[in-house]
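Visitor: What follows is protein_17.txt; its format and atoms are compact mmCIF, C-alpha atoms and all ligand atoms.
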# COMPACT_ATOMS: atom_id res chain seq x y z
CA MET A 453 20.53 10.61 -6.99
CA PRO A 454 24.08 9.21 -6.93
CA ASP A 455 23.33 6.11 -4.82
CA ALA A 456 20.57 4.94 -7.22
CA THR A 457 20.51 3.28 -10.63
CA ARG A 458 17.76 4.03 -13.14
CA ILE A 459 16.13 0.74 -14.15
CA PRO A 460 13.39 0.39 -16.79
CA ALA A 461 10.08 -0.64 -15.16
CA ASP A 462 9.57 -3.73 -17.33
CA ARG A 463 13.04 -5.04 -16.55
CA LEU A 464 12.59 -4.57 -12.80
CA SER A 465 9.16 -6.18 -12.95
CA SER A 466 10.44 -9.19 -14.87
CA LEU A 467 13.26 -9.81 -12.36
CA ILE A 468 10.91 -9.48 -9.36
CA ALA A 469 8.38 -11.88 -10.91
CA ARG A 470 11.14 -14.44 -11.62
CA ILE A 471 12.42 -14.12 -8.03
CA PHE A 472 8.94 -14.84 -6.57
CA GLU A 473 8.36 -17.71 -8.93
CA ALA A 474 11.73 -19.21 -8.00
CA ALA A 475 10.79 -18.73 -4.32
CA GLY A 476 7.66 -20.86 -4.82
CA ALA A 477 4.81 -18.60 -6.03
CA SER A 478 2.67 -19.51 -9.06
CA PRO A 479 3.53 -17.51 -12.21
CA PRO A 480 0.32 -15.37 -12.10
CA ASP A 481 0.79 -14.61 -8.38
CA ALA A 482 4.48 -13.77 -8.93
CA GLU A 483 3.45 -11.40 -11.73
CA THR A 484 0.79 -9.73 -9.55
CA VAL A 485 3.28 -9.09 -6.74
CA ALA A 486 5.82 -7.70 -9.23
CA ASP A 487 3.16 -5.44 -10.82
CA VAL A 488 2.12 -3.93 -7.49
CA LEU A 489 5.70 -3.43 -6.23
CA VAL A 490 6.81 -1.80 -9.48
CA GLU A 491 3.67 0.39 -9.56
CA ALA A 492 4.74 1.66 -6.09
CA ASP A 493 8.26 2.39 -7.37
CA LEU A 494 6.84 4.13 -10.45
CA ARG A 495 4.55 6.27 -8.30
CA GLY A 496 7.48 7.33 -6.12
CA VAL A 497 6.28 5.25 -3.14
CA GLU A 498 9.74 3.73 -2.75
CA SER A 499 8.90 2.34 0.72
CA HIS A 500 6.41 -0.10 -0.88
CA GLY A 501 8.30 -1.03 -4.03
CA SER A 502 11.25 -3.31 -4.80
CA THR A 503 12.68 -2.70 -1.30
CA ARG A 504 10.04 -5.24 -0.10
CA VAL A 505 11.24 -8.15 -2.25
CA ALA A 506 13.87 -9.40 0.22
CA GLY A 507 11.37 -9.26 3.10
CA TYR A 508 8.67 -11.16 1.17
CA VAL A 509 11.14 -13.88 0.09
CA SER A 510 12.37 -14.17 3.67
CA MET A 511 8.74 -14.57 4.83
CA ILE A 512 8.25 -17.39 2.32
CA ARG A 513 11.45 -19.11 3.50
CA LEU A 514 10.48 -18.81 7.16
CA GLY A 515 6.93 -20.09 6.52
CA PHE A 516 5.19 -16.79 7.34
CA LEU A 517 3.95 -16.23 3.75
CA ASN A 518 2.29 -19.18 2.01
CA PRO A 519 3.29 -19.08 -1.67
CA LYS A 520 0.76 -21.79 -2.65
CA PRO A 521 -2.24 -20.79 -0.49
CA ASP A 522 -5.71 -22.27 -0.46
CA VAL A 523 -7.67 -18.97 -0.49
CA ARG A 524 -11.32 -19.76 0.27
CA VAL A 525 -14.54 -17.82 -0.28
CA VAL A 526 -16.15 -18.22 3.16
CA ARG A 527 -19.38 -16.32 2.38
CA ASP A 528 -20.75 -14.89 -0.85
CA THR A 529 -23.87 -12.80 -1.58
CA SER A 530 -24.82 -10.50 -4.46
CA THR A 531 -23.13 -7.53 -2.77
CA THR A 532 -20.70 -8.98 -0.21
CA ALA A 533 -18.09 -11.71 0.23
CA MET A 534 -15.58 -12.88 2.83
CA LEU A 535 -12.23 -14.43 1.91
CA GLU A 536 -9.96 -16.54 4.13
CA GLY A 537 -6.42 -15.89 2.97
CA ASP A 538 -4.41 -18.87 4.34
CA ARG A 539 -1.35 -16.59 4.98
CA ALA A 540 -1.21 -15.73 1.27
CA SER A 541 0.47 -12.65 -0.13
CA GLY A 542 -1.81 -9.76 0.86
CA ILE A 543 -1.17 -8.27 -2.58
CA VAL A 544 -2.57 -11.31 -4.41
CA VAL A 545 -5.65 -11.60 -2.16
CA ALA A 546 -6.43 -7.86 -2.00
CA LYS A 547 -6.36 -7.73 -5.81
CA ARG A 548 -8.77 -10.68 -5.94
CA ALA A 549 -11.02 -9.09 -3.28
CA MET A 550 -11.20 -5.82 -5.24
CA GLN A 551 -11.94 -7.70 -8.48
CA MET A 552 -14.81 -9.49 -6.73
CA ALA A 553 -16.09 -6.18 -5.30
CA MET A 554 -15.95 -4.63 -8.78
CA ASP A 555 -17.88 -7.53 -10.35
CA LYS A 556 -20.56 -7.17 -7.67
CA ALA A 557 -20.68 -3.39 -8.16
CA ARG A 558 -21.26 -3.86 -11.89
CA ALA A 559 -24.06 -6.33 -11.23
CA ALA A 560 -25.67 -4.82 -8.12
CA GLY A 561 -24.34 -1.25 -7.77
CA LEU A 562 -22.13 -2.01 -4.76
CA GLY A 563 -19.63 -4.66 -3.74
CA ALA A 564 -17.84 -5.07 -0.39
CA VAL A 565 -15.35 -7.90 0.15
CA THR A 566 -13.23 -8.67 3.22
CA ALA A 567 -10.00 -10.70 3.17
CA ARG A 568 -8.54 -12.00 6.44
CA ASN A 569 -5.31 -13.72 7.41
CA VAL A 570 -3.06 -12.43 4.66
CA THR A 571 0.42 -10.88 4.75
CA HIS A 572 1.52 -7.46 3.49
CA THR A 573 -0.82 -5.71 1.02
CA GLY A 574 1.83 -3.31 -0.32
CA LEU A 575 0.61 -0.18 -2.12
CA VAL A 576 -3.00 -0.09 -0.89
CA GLY A 577 -3.95 2.52 -3.51
CA PHE A 578 -3.38 -0.12 -6.22
CA TYR A 579 -6.75 -1.76 -5.49
CA PRO A 580 -9.01 1.34 -5.67
CA MET A 581 -7.11 2.35 -8.81
CA MET A 582 -8.26 -0.94 -10.42
CA ALA A 583 -11.83 0.24 -9.80
CA ALA A 584 -11.21 3.79 -11.07
CA ARG A 585 -9.67 2.45 -14.30
CA ALA A 586 -12.92 0.52 -14.82
CA GLY A 587 -15.11 3.61 -14.23
CA LEU A 588 -15.98 2.61 -10.64
CA ILE A 589 -15.29 4.21 -7.27
CA GLY A 590 -12.90 2.09 -5.18
CA VAL A 591 -12.00 2.07 -1.50
CA ALA A 592 -9.49 -0.24 0.23
CA MET A 593 -7.97 -0.45 3.68
CA ASN A 594 -6.33 -2.95 6.01
CA ASN A 595 -5.26 -3.42 9.60
CA GLY A 596 -2.00 -5.07 10.67
CA PRO A 597 0.59 -5.56 13.43
CA ALA A 598 0.00 -3.83 16.76
CA ILE A 599 2.76 -1.21 16.67
CA LEU A 600 1.06 2.16 17.41
CA PRO A 601 -0.55 3.02 20.73
CA PRO A 602 -4.01 4.62 20.82
CA PHE A 603 -3.93 8.44 21.11
CA GLY A 604 -2.72 9.22 24.63
CA GLY A 605 -1.67 5.62 25.35
CA ILE A 606 1.61 3.73 25.30
CA THR A 607 0.42 0.16 24.59
CA PRO A 608 0.91 -0.80 20.92
CA THR A 609 -2.61 -1.59 19.64
CA TYR A 610 -3.02 -0.80 15.91
CA ALA A 611 -0.92 -0.79 12.75
CA THR A 612 -0.38 2.26 10.53
CA ASN A 613 -3.81 1.23 9.12
CA PRO A 614 -3.72 2.46 5.51
CA PHE A 615 -6.80 3.94 3.82
CA ALA A 616 -7.12 4.45 0.05
CA ALA A 617 -9.86 5.65 -2.29
CA ALA A 618 -9.91 6.38 -6.01
CA PHE A 619 -12.41 8.17 -8.26
CA PRO A 620 -12.47 8.06 -12.07
CA ALA A 621 -12.14 11.43 -13.80
CA GLY A 622 -12.59 12.55 -17.41
CA ARG A 623 -9.82 14.74 -18.84
CA ARG A 624 -8.13 14.83 -15.40
CA GLU A 625 -6.15 12.00 -13.76
CA PRO A 626 -8.24 9.95 -11.30
CA ILE A 627 -8.25 11.25 -7.74
CA VAL A 628 -6.26 8.73 -5.64
CA LEU A 629 -5.96 9.19 -1.90
CA ASP A 630 -3.53 6.56 -0.60
CA MET A 631 -2.33 7.12 2.94
CA ALA A 632 -1.29 5.60 6.21
CA THR A 633 -3.35 6.91 9.13
CA SER A 634 -0.02 7.52 10.90
CA VAL A 635 1.99 10.60 9.82
CA VAL A 636 3.71 8.42 7.20
CA ALA A 637 3.88 4.73 6.33
CA GLY A 638 6.02 2.60 8.66
CA GLY A 639 7.90 1.47 5.54
CA LYS A 640 9.38 4.96 5.24
CA LEU A 641 11.12 4.42 8.59
CA ARG A 642 12.30 0.97 7.53
CA LEU A 643 13.66 2.29 4.24
CA ALA A 644 15.49 5.12 6.04
CA ALA A 645 16.97 2.56 8.46
CA LYS A 646 18.09 0.39 5.51
CA LYS A 647 19.78 3.40 3.88
CA GLY A 648 21.28 4.66 7.16
CA ALA A 649 19.35 7.94 6.79
CA GLU A 650 17.64 10.18 9.37
CA ILE A 651 13.88 10.79 9.50
CA PRO A 652 12.09 14.12 10.13
CA ASP A 653 11.51 14.63 13.86
CA THR A 654 7.74 14.88 13.29
CA TRP A 655 7.31 11.20 12.35
CA ALA A 656 8.02 9.32 15.59
CA LEU A 657 8.94 9.46 19.28
CA ASP A 658 11.85 7.69 20.99
CA ARG A 659 11.66 5.43 24.06
CA HIS A 660 11.36 8.49 26.33
CA GLY A 661 8.45 9.96 24.33
CA LYS A 662 10.67 12.63 22.74
CA PRO A 663 10.73 13.36 18.96
CA THR A 664 13.52 11.38 17.27
CA THR A 665 15.33 11.49 13.91
CA ASP A 666 16.68 7.95 14.38
CA PRO A 667 14.50 5.43 12.50
CA VAL A 668 16.01 2.43 14.31
CA GLU A 669 15.26 3.91 17.73
CA ALA A 670 11.72 4.71 16.55
CA ILE A 671 11.08 1.18 15.22
CA GLN A 672 12.73 -0.76 18.04
CA HIS A 673 11.84 1.32 21.10
CA GLY A 674 9.59 4.23 20.14
CA PHE A 675 6.27 4.96 18.46
CA MET A 676 5.11 6.50 15.21
CA GLN A 677 2.73 9.45 15.46
CA TRP A 678 -0.87 9.50 14.18
CA ALA A 679 -1.70 11.78 11.25
CA GLY A 680 -3.64 14.66 12.78
CA GLY A 681 -3.43 13.31 16.35
CA TYR A 682 -6.66 11.75 17.59
CA LYS A 683 -8.26 12.19 14.15
CA GLY A 684 -5.77 9.83 12.49
CA PHE A 685 -6.30 7.47 15.40
CA GLY A 686 -10.07 7.73 14.83
CA LEU A 687 -9.75 6.91 11.15
CA ALA A 688 -7.42 4.03 12.06
CA THR A 689 -10.22 2.72 14.29
CA VAL A 690 -12.61 2.71 11.32
CA VAL A 691 -9.99 0.74 9.35
CA GLU A 692 -9.51 -1.65 12.29
CA VAL A 693 -13.27 -2.35 12.41
CA LEU A 694 -13.83 -2.80 8.66
CA GLY A 695 -10.51 -4.60 8.06
CA GLY A 696 -10.04 -6.57 11.27
CA VAL A 697 -13.37 -6.93 13.10
CA LEU A 698 -15.77 -7.34 10.13
CA SER A 699 -13.47 -9.75 8.26
CA GLY A 700 -13.39 -12.26 11.13
CA GLY A 701 -9.60 -11.79 11.18
CA LEU A 702 -7.27 -10.76 13.98
CA PHE A 703 -7.64 -7.20 15.30
CA GLY A 704 -6.11 -4.80 17.81
CA THR A 705 -3.67 -6.30 20.29
CA ASP A 706 -4.51 -9.84 19.03
CA VAL A 707 -2.41 -9.11 15.91
CA PRO A 708 1.24 -9.96 16.65
CA PRO A 709 3.50 -6.87 16.69
CA LEU A 710 6.27 -6.55 14.12
CA LYS A 711 9.71 -5.02 14.52
CA ASP A 712 11.70 -6.91 11.90
CA PHE A 713 9.90 -6.99 8.53
CA GLY A 714 10.42 -10.35 6.80
CA ARG A 715 11.70 -12.14 9.88
CA GLU A 716 8.51 -12.24 11.95
CA PRO A 717 4.94 -13.41 11.22
CA LEU A 718 2.76 -10.73 9.61
CA ALA A 719 -1.03 -10.97 9.73
CA THR A 720 -3.34 -8.38 8.20
CA SER A 721 -6.98 -8.25 7.12
CA ALA A 722 -8.41 -6.05 4.38
CA PHE A 723 -11.68 -4.47 3.27
CA CYS A 724 -12.38 -3.57 -0.36
CA LEU A 725 -15.42 -1.62 -1.57
CA ALA A 726 -16.52 -0.77 -5.10
CA ILE A 727 -19.40 1.55 -6.05
CA ASP A 728 -20.83 1.97 -9.54
CA PRO A 729 -21.43 5.72 -10.13
CA GLU A 730 -23.77 4.82 -13.02
CA ARG A 731 -26.34 3.89 -10.35
CA PHE A 732 -26.38 7.57 -9.41
CA MET A 733 -25.90 9.32 -12.79
CA PRO A 734 -24.44 8.58 -16.24
CA LEU A 735 -20.71 7.86 -15.95
CA PRO A 736 -19.66 10.72 -18.30
CA GLU A 737 -21.57 13.14 -16.06
CA PHE A 738 -19.82 11.77 -12.95
CA ARG A 739 -16.42 12.04 -14.65
CA ALA A 740 -17.17 15.64 -15.70
CA ARG A 741 -18.22 16.51 -12.15
CA ILE A 742 -14.93 15.06 -10.78
CA ASP A 743 -13.01 17.10 -13.38
CA ARG A 744 -14.87 20.23 -12.27
CA LEU A 745 -14.05 19.52 -8.62
CA VAL A 746 -10.35 19.10 -9.46
CA ASP A 747 -10.47 22.31 -11.54
CA GLN A 748 -11.89 24.18 -8.55
CA VAL A 749 -9.19 22.84 -6.23
CA LYS A 750 -6.43 23.66 -8.72
CA ALA A 751 -7.82 27.20 -9.20
CA SER A 752 -7.31 28.06 -5.53
CA GLU A 753 -5.34 31.21 -4.82
CA LEU A 754 -1.93 30.20 -3.47
CA ALA A 755 -0.67 30.67 0.05
CA SER A 756 2.55 32.62 0.29
CA GLY A 757 5.59 30.58 -0.77
CA VAL A 758 3.49 27.87 -2.47
CA ASP A 759 3.85 27.26 -6.23
CA GLU A 760 0.90 24.99 -6.85
CA VAL A 761 -2.06 23.25 -5.24
CA MET A 762 -2.29 19.51 -5.91
CA ILE A 763 -5.04 16.99 -5.36
CA ALA A 764 -4.50 13.49 -3.93
CA GLY A 765 -2.71 11.23 -6.39
CA GLU A 766 -1.22 14.06 -8.42
CA PRO A 767 2.37 13.87 -7.09
CA GLU A 768 2.40 10.12 -7.70
CA ALA A 769 0.90 10.38 -11.22
CA ARG A 770 3.68 12.84 -12.15
CA SER A 771 6.34 10.57 -10.72
CA LYS A 772 4.94 7.67 -12.75
CA ALA A 773 5.00 9.63 -16.02
CA GLU A 774 8.63 10.65 -15.41
CA ARG A 775 9.78 7.19 -14.29
CA LEU A 776 8.12 5.43 -17.23
CA ARG A 777 10.24 7.69 -19.45
CA GLU A 778 13.51 7.77 -17.51
CA GLY A 779 13.48 4.51 -15.54
CA ILE A 780 13.01 3.93 -11.81
CA PRO A 781 15.82 5.11 -9.52
CA VAL A 782 16.48 2.00 -7.42
CA SER A 783 18.81 2.62 -4.48
CA ALA A 784 22.16 0.81 -4.36
CA VAL A 785 21.18 -1.17 -1.27
CA VAL A 786 18.03 -2.51 -3.00
CA VAL A 787 19.90 -3.33 -6.23
CA GLU A 788 22.33 -5.31 -4.08
CA GLU A 789 19.46 -7.19 -2.39
CA LEU A 790 17.83 -8.04 -5.73
CA THR A 791 21.02 -9.21 -7.42
CA GLY A 792 21.98 -11.20 -4.31
CA LEU A 793 18.59 -12.95 -4.28
CA ALA A 794 18.80 -13.62 -8.02
CA ARG A 795 22.21 -15.24 -7.52
CA GLU A 796 20.96 -17.40 -4.63
CA LEU A 797 17.96 -18.54 -6.69
CA GLY A 798 20.06 -19.27 -9.80
CA LEU A 799 18.56 -16.43 -11.87
CA ARG A 800 20.25 -13.95 -14.19
CA ALA A 801 19.75 -10.39 -12.93
CA GLU A 802 19.57 -8.22 -16.05
CA LEU A 803 18.78 -4.85 -14.53
CA SER A 804 20.44 -2.15 -16.59
N1 LIG B 901 0.18 -2.31 3.16
C1 LIG B 901 0.15 -1.69 4.31
O1 LIG B 901 -0.15 -2.28 5.33
C2 LIG B 901 0.48 -0.22 4.35
C3 LIG B 901 0.50 0.45 5.58
C4 LIG B 901 0.74 1.83 5.58
C5 LIG B 901 0.98 2.50 4.39
N2 LIG B 901 0.98 1.80 3.22
C6 LIG B 901 1.25 2.48 1.95
O2 LIG B 901 2.27 3.43 2.15
C7 LIG B 901 2.19 4.39 1.12
C8 LIG B 901 2.62 5.73 1.64
O3 LIG B 901 1.71 6.21 2.63
P1 LIG B 901 1.92 7.67 3.25
O4 LIG B 901 0.83 7.94 4.20
O5 LIG B 901 3.33 7.76 3.74
O6 LIG B 901 1.75 8.57 1.92
P2 LIG B 901 2.03 10.13 1.68
O7 LIG B 901 2.00 10.88 2.96
O8 LIG B 901 3.25 10.24 0.83
O9 LIG B 901 0.78 10.56 0.77
C9 LIG B 901 -0.53 10.45 1.27
C10 LIG B 901 -1.52 11.06 0.28
O10 LIG B 901 -1.30 12.47 0.23
C11 LIG B 901 -1.27 12.91 -1.12
N3 LIG B 901 -0.37 14.06 -1.21
C12 LIG B 901 0.98 14.07 -1.05
N4 LIG B 901 1.46 15.31 -1.19
C13 LIG B 901 0.39 16.12 -1.43
C14 LIG B 901 0.23 17.53 -1.65
N5 LIG B 901 1.26 18.37 -1.61
N6 LIG B 901 -1.01 17.99 -1.89
C15 LIG B 901 -2.08 17.17 -1.90
N7 LIG B 901 -1.99 15.82 -1.68
C16 LIG B 901 -0.77 15.32 -1.45
C17 LIG B 901 -0.75 11.75 -1.92
O11 LIG B 901 -1.20 11.82 -3.27
C18 LIG B 901 -1.38 10.56 -1.16
O12 LIG B 901 -2.65 10.26 -1.67
C19 LIG B 901 0.76 4.29 0.57
O13 LIG B 901 0.85 3.78 -0.75
C20 LIG B 901 0.08 3.28 1.47
O14 LIG B 901 -0.83 2.44 0.78
C21 LIG B 901 0.73 0.48 3.18
Take the structure in the file and write it out as structure tokens.
Guide:
Amino acid sequence: MPDATRIPADRLSSLIARIFEAAGASPPDAETVADVLVEADLRGVESHGSTRVAGYVSMIRLGFLNPKPDVRVVRDTSTTAMLEGDRASGIVVAKRAMQMAMDKARAAGLGAVTARNVTHTGLVGFYPMMAARAGLIGVAMNNGPAILPPFGGITPTYATNPFAAAFPAGRREPIVLDMATSVVAGGKLRLAAKKGAEIPDTWALDRHGKPTTDPVEAIQHGFMQWAGGYKGFGLATVVEVLGGVLSGGLFGTDVPPLKDFGREPLATSAFCLAIDPERFMPLPEFRARIDRLVDQVKASELASGVDEVMIAGEPEARSKAERLREGIPVSAVVVEELTGLARELGLRAELS
């Protein structure tokens, strides 16, 4: 990858944390944001990694992201809670919501926590993975800016409404499904636009409703496509209800649209669920059953031209193992953004 520099994960994480702290976040919050962005880069989800730093800092500067929020617990029971996010980083509040859900799951078997009025949540799979690491089942999702029309419509109504779930395994890696309910995450279009690259013509339509390979046309005048047509739209509706409606946050067309990430307000609301498998069977038995399921999937006979069957989370786990060894390939345009921000904030950018 000639236009990218390999940067060790800890070095990238340290610079990102120092940038957020210098921009006004508390040291623990700055570290959380850096952790989640670098985890995305490690997992090969470049659209949700260090490319977001400039946008988040811009949101802080423009007053759209509150770096010193007063996040309040609005309701709290043994199994449920509601958080009011005060325009905080969605990453910081979603992590807290999942931690609360996990504590409740340990104590009561289940925990469900909503978090409204926060900004971008980043790599949504991060939060269920917290649960899986602790031997729990985790689910997380959030709504966001009205940018996609309902199936068959042309009025922007939902976001790319991500859905993620993770399950602890035994000798296998945890299963981690982490997906937008659109064909791909909107961030993949934004990253392509930033790099001046084309997108596959299956991702979005242009202003005339025709498939386009131009990410700028798609973002500014067109529409992304739902994953699996009306089925992706249906799943996005579930996310809209649990994230937006149940949380007491904004939902549907009430959420302001977003064309220019970092330069416009961004409101999302999230739902985090944790389940303790021990309430159903001993954890080692559950882990062994997950392993057996993965074994069955991996043992499938292969379709012609296919080398291997993978289960959700496997491509990203491989990327992480390789990038922990070799460093994260950060594209030239993102390195430039990070070093430029460091300079503006009076920080030393030691990246290589
Ligand atoms: N914060 C937000 O508001 C927001 C919104 C949308 C998306 N996102 C994030 O964007 C990221 C990317 O989303 P996406 O939908 O473009 O992801 P994707 O299409 O790259 O992957 C989706 C899922 O498919 C699995 N997968 C990929 N290739 C596979 C294969 N060959 N066989 C089996 N499984 C396979 C992956 O492990 C993953 O779980 C996610 O991390 C998501 O959380 C965030």
Visitor: So which residues fall inside 10 Å of (12.3, -7.6, 8.9) if we count all atoms listed in the file? Mind giving them as a list in words?
Guide: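 Residues lying no farther than 10 Å from the given point: Arg504, Ala506, Gly507, Tyr508, Ser510, Met511, Arg642, Leu710, Lys711, Asp712, Phe713, Gly714, Arg715, Glu716 and Pro717 of chain A.
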Visitor: Using all atoms listed in the file, tabulate the residues of chain A lying at most 7 Å from any atom of ligand LIG 901 (chain B), each with its closest atom pair and that distance in Å to one decimal, by chain and increasing residue number, as CSV.
Guide:
residue,atom,partner,partner_atom,distance
A:Ala492,CA,B:LIG901,O13,6.9
A:Val497,CA,B:LIG901,C7,6.0
A:Ser499,CA,B:LIG901,O2,6.9
A:His500,CA,B:LIG901,O2,6.2
A:His572,CA,B:LIG901,N1,5.3
A:Thr573,CA,B:LIG901,N1,4.1
A:Gly574,CA,B:LIG901,N1,4.0
A:Leu575,CA,B:LIG901,O14,4.2
A:Val576,CA,B:LIG901,O14,3.7
A:Gly577,CA,B:LIG901,O14,5.3
A:Asn594,CA,B:LIG901,O1,6.3
A:Asn595,CA,B:LIG901,O1,6.8
A:Gly596,CA,B:LIG901,O1,6.3
A:Thr612,CA,B:LIG901,C4,5.1
A:Asn613,CA,B:LIG901,C3,5.6
A:Pro614,CA,B:LIG901,C4,4.5
A:Phe615,CA,B:LIG901,O14,6.9
A:Ala616,CA,B:LIG901,O14,6.6
A:Val628,CA,B:LIG901,O12,5.6
A:Leu629,CA,B:LIG901,O12,3.5
A:Asp630,CA,B:LIG901,O12,4.0
A:Met631,CA,B:LIG901,O4,3.5
A:Ala632,CA,B:LIG901,O4,3.7
A:Thr633,CA,B:LIG901,O4,6.5
A:Ser634,CA,B:LIG901,O4,6.8
A:Val635,CA,B:LIG901,O4,6.3
A:Val636,CA,B:LIG901,O5,3.5
A:Ala637,CA,B:LIG901,O5,4.0
A:Gly638,CA,B:LIG901,C4,6.2
A:Gly639,CA,B:LIG901,O2,6.9
A:Lys640,CA,B:LIG901,O5,6.8
A:Val761,CA,B:LIG901,N6,6.3
A:Met762,CA,B:LIG901,N6,4.5
A:Ile763,CA,B:LIG901,C15,4.6
A:Ala764,CA,B:LIG901,O11,3.8
A:Gly765,CA,B:LIG901,O11,3.5
A:Glu766,CA,B:LIG901,O11,5.6
A:Pro767,CA,B:LIG901,O11,5.6
A:Glu768,CA,B:LIG901,O11,6.0
Visitor: Using only C-alpha atoms, determine which residues lie at most 12 Å from region 780-785 of chain A, disregarding the query and same-chain residues fewer than 6 positions distant; provide the list as a count of residues only.
Guide: 43
Visitor: Might you pull out every residue within 6 Å of Pro709 (chain A), with all atoms listed in the file counted and same-chain residues fewer than 2 positions away left off, and present them as an mmCIF file with C-alpha atoms, keeping the file's coordinate frame?
Guide:
data_model
loop_
_atom_site.group_PDB
_atom_site.id
_atom_site.type_symbol
_atom_site.label_atom_id
_atom_site.label_comp_id
_atom_site.auth_asym_id
_atom_site.auth_seq_id
_atom_site.Cartn_x
_atom_site.Cartn_y
_atom_site.Cartn_z
ATOM 1 C CA PRO A 597 0.590 -5.560 13.430
ATOM 2 C CA ALA A 598 0.000 -3.830 16.760
ATOM 3 C CA ILE A 599 2.760 -1.210 16.670
#
Visitor: Excluding same-chain residues fewer than 6 positions from Ala726 (chain A), what lies within 6 Å of it counting only C-alpha atoms, as an mmCIF file with C-alpha atoms, in the coordinates of the input?
Guide:
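File around12.cif, as written:
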data_model
loop_
_atom_site.group_PDB
_atom_site.id
_atom_site.type_symbol
_atom_site.label_atom_id
_atom_site.label_comp_id
_atom_site.auth_asym_id
_atom_site.auth_seq_id
_atom_site.Cartn_x
_atom_site.Cartn_y
_atom_site.Cartn_z
ATOM 1 C CA ALA A 553 -16.090 -6.180 -5.300
ATOM 2 C CA MET A 554 -15.950 -4.630 -8.780
ATOM 3 C CA ALA A 557 -20.680 -3.390 -8.160
ATOM 4 C CA LEU A 562 -22.130 -2.010 -4.760
ATOM 5 C CA GLY A 563 -19.630 -4.660 -3.740
ATOM 6 C CA ILE A 589 -15.290 4.210 -7.270
ATOM 7 C CA GLY A 590 -12.900 2.090 -5.180
#
Visitor: Measuring between only C-alpha atoms, which one of A:Ala740, A:Val786, A:Leu799, A:Ala477 shows the shortest distance to Glu625 (chain A)?
Guide: A:Ala740
Visitor: With distances taken over all atoms listed in the file, which residue among A:Asp538, A:Val746, A:Arg568, A:Val505 lies nearest Glu788 (chain A)?
Guide: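 Checking each of A:Asp538, A:Val746, A:Arg568, A:Val505 against Glu788 (chain A), counting all atoms listed in the file, the winner is A:Val505.
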Visitor: Which polymer residues, protein or nucleic acid, are no farther than 12 Å from (12.9, 11.7, 19.1), counting all atoms listed in the file, as a ChimeraX atom specification?
Guide: /A:650-671,673-677
Visitor: So, counting all atoms listed in the file, which residue among A:Met593, A:Val488, A:Ala549, A:Ala564 is closest to Leu535 (chain A)?
Guide: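 Closest to Leu535 (chain A), using all atoms listed in the file: A:Ala549.
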Visitor: Using all atoms listed in the file, pick whichever of A:Asp759, A:Gly686, A:Leu735, A:Asp528 has the shortest atom-to-atom distance to Gly587 (chain A).
Guide: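 Selected residue with least distance to Gly587 (chain A): A:Leu735.
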Visitor: What's the separation between CA of Leu467 (chain A) and CA of Leu793 (chain A), in Å to one decimal place?
Guide: 10.2 Å
Visitor: With only C-alpha atoms as the basis for distance, which of A:Phe619, A:Glu473, A:Ala722, A:Arg524 is at the shortest distance from Ile543 (chain A)?
Guide: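 Among the listed residues, the smallest separation from Ile543 (chain A) belongs to A:Ala722.
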Visitor: Show which residues sit within 8 Å of Ser466 (chain A), as a list in words. Count all atoms listed in the file, and ignore same-chain residues fewer than 4 positions away.
Guide: Asp462, Arg470, Glu483 and Ala486 of chain A
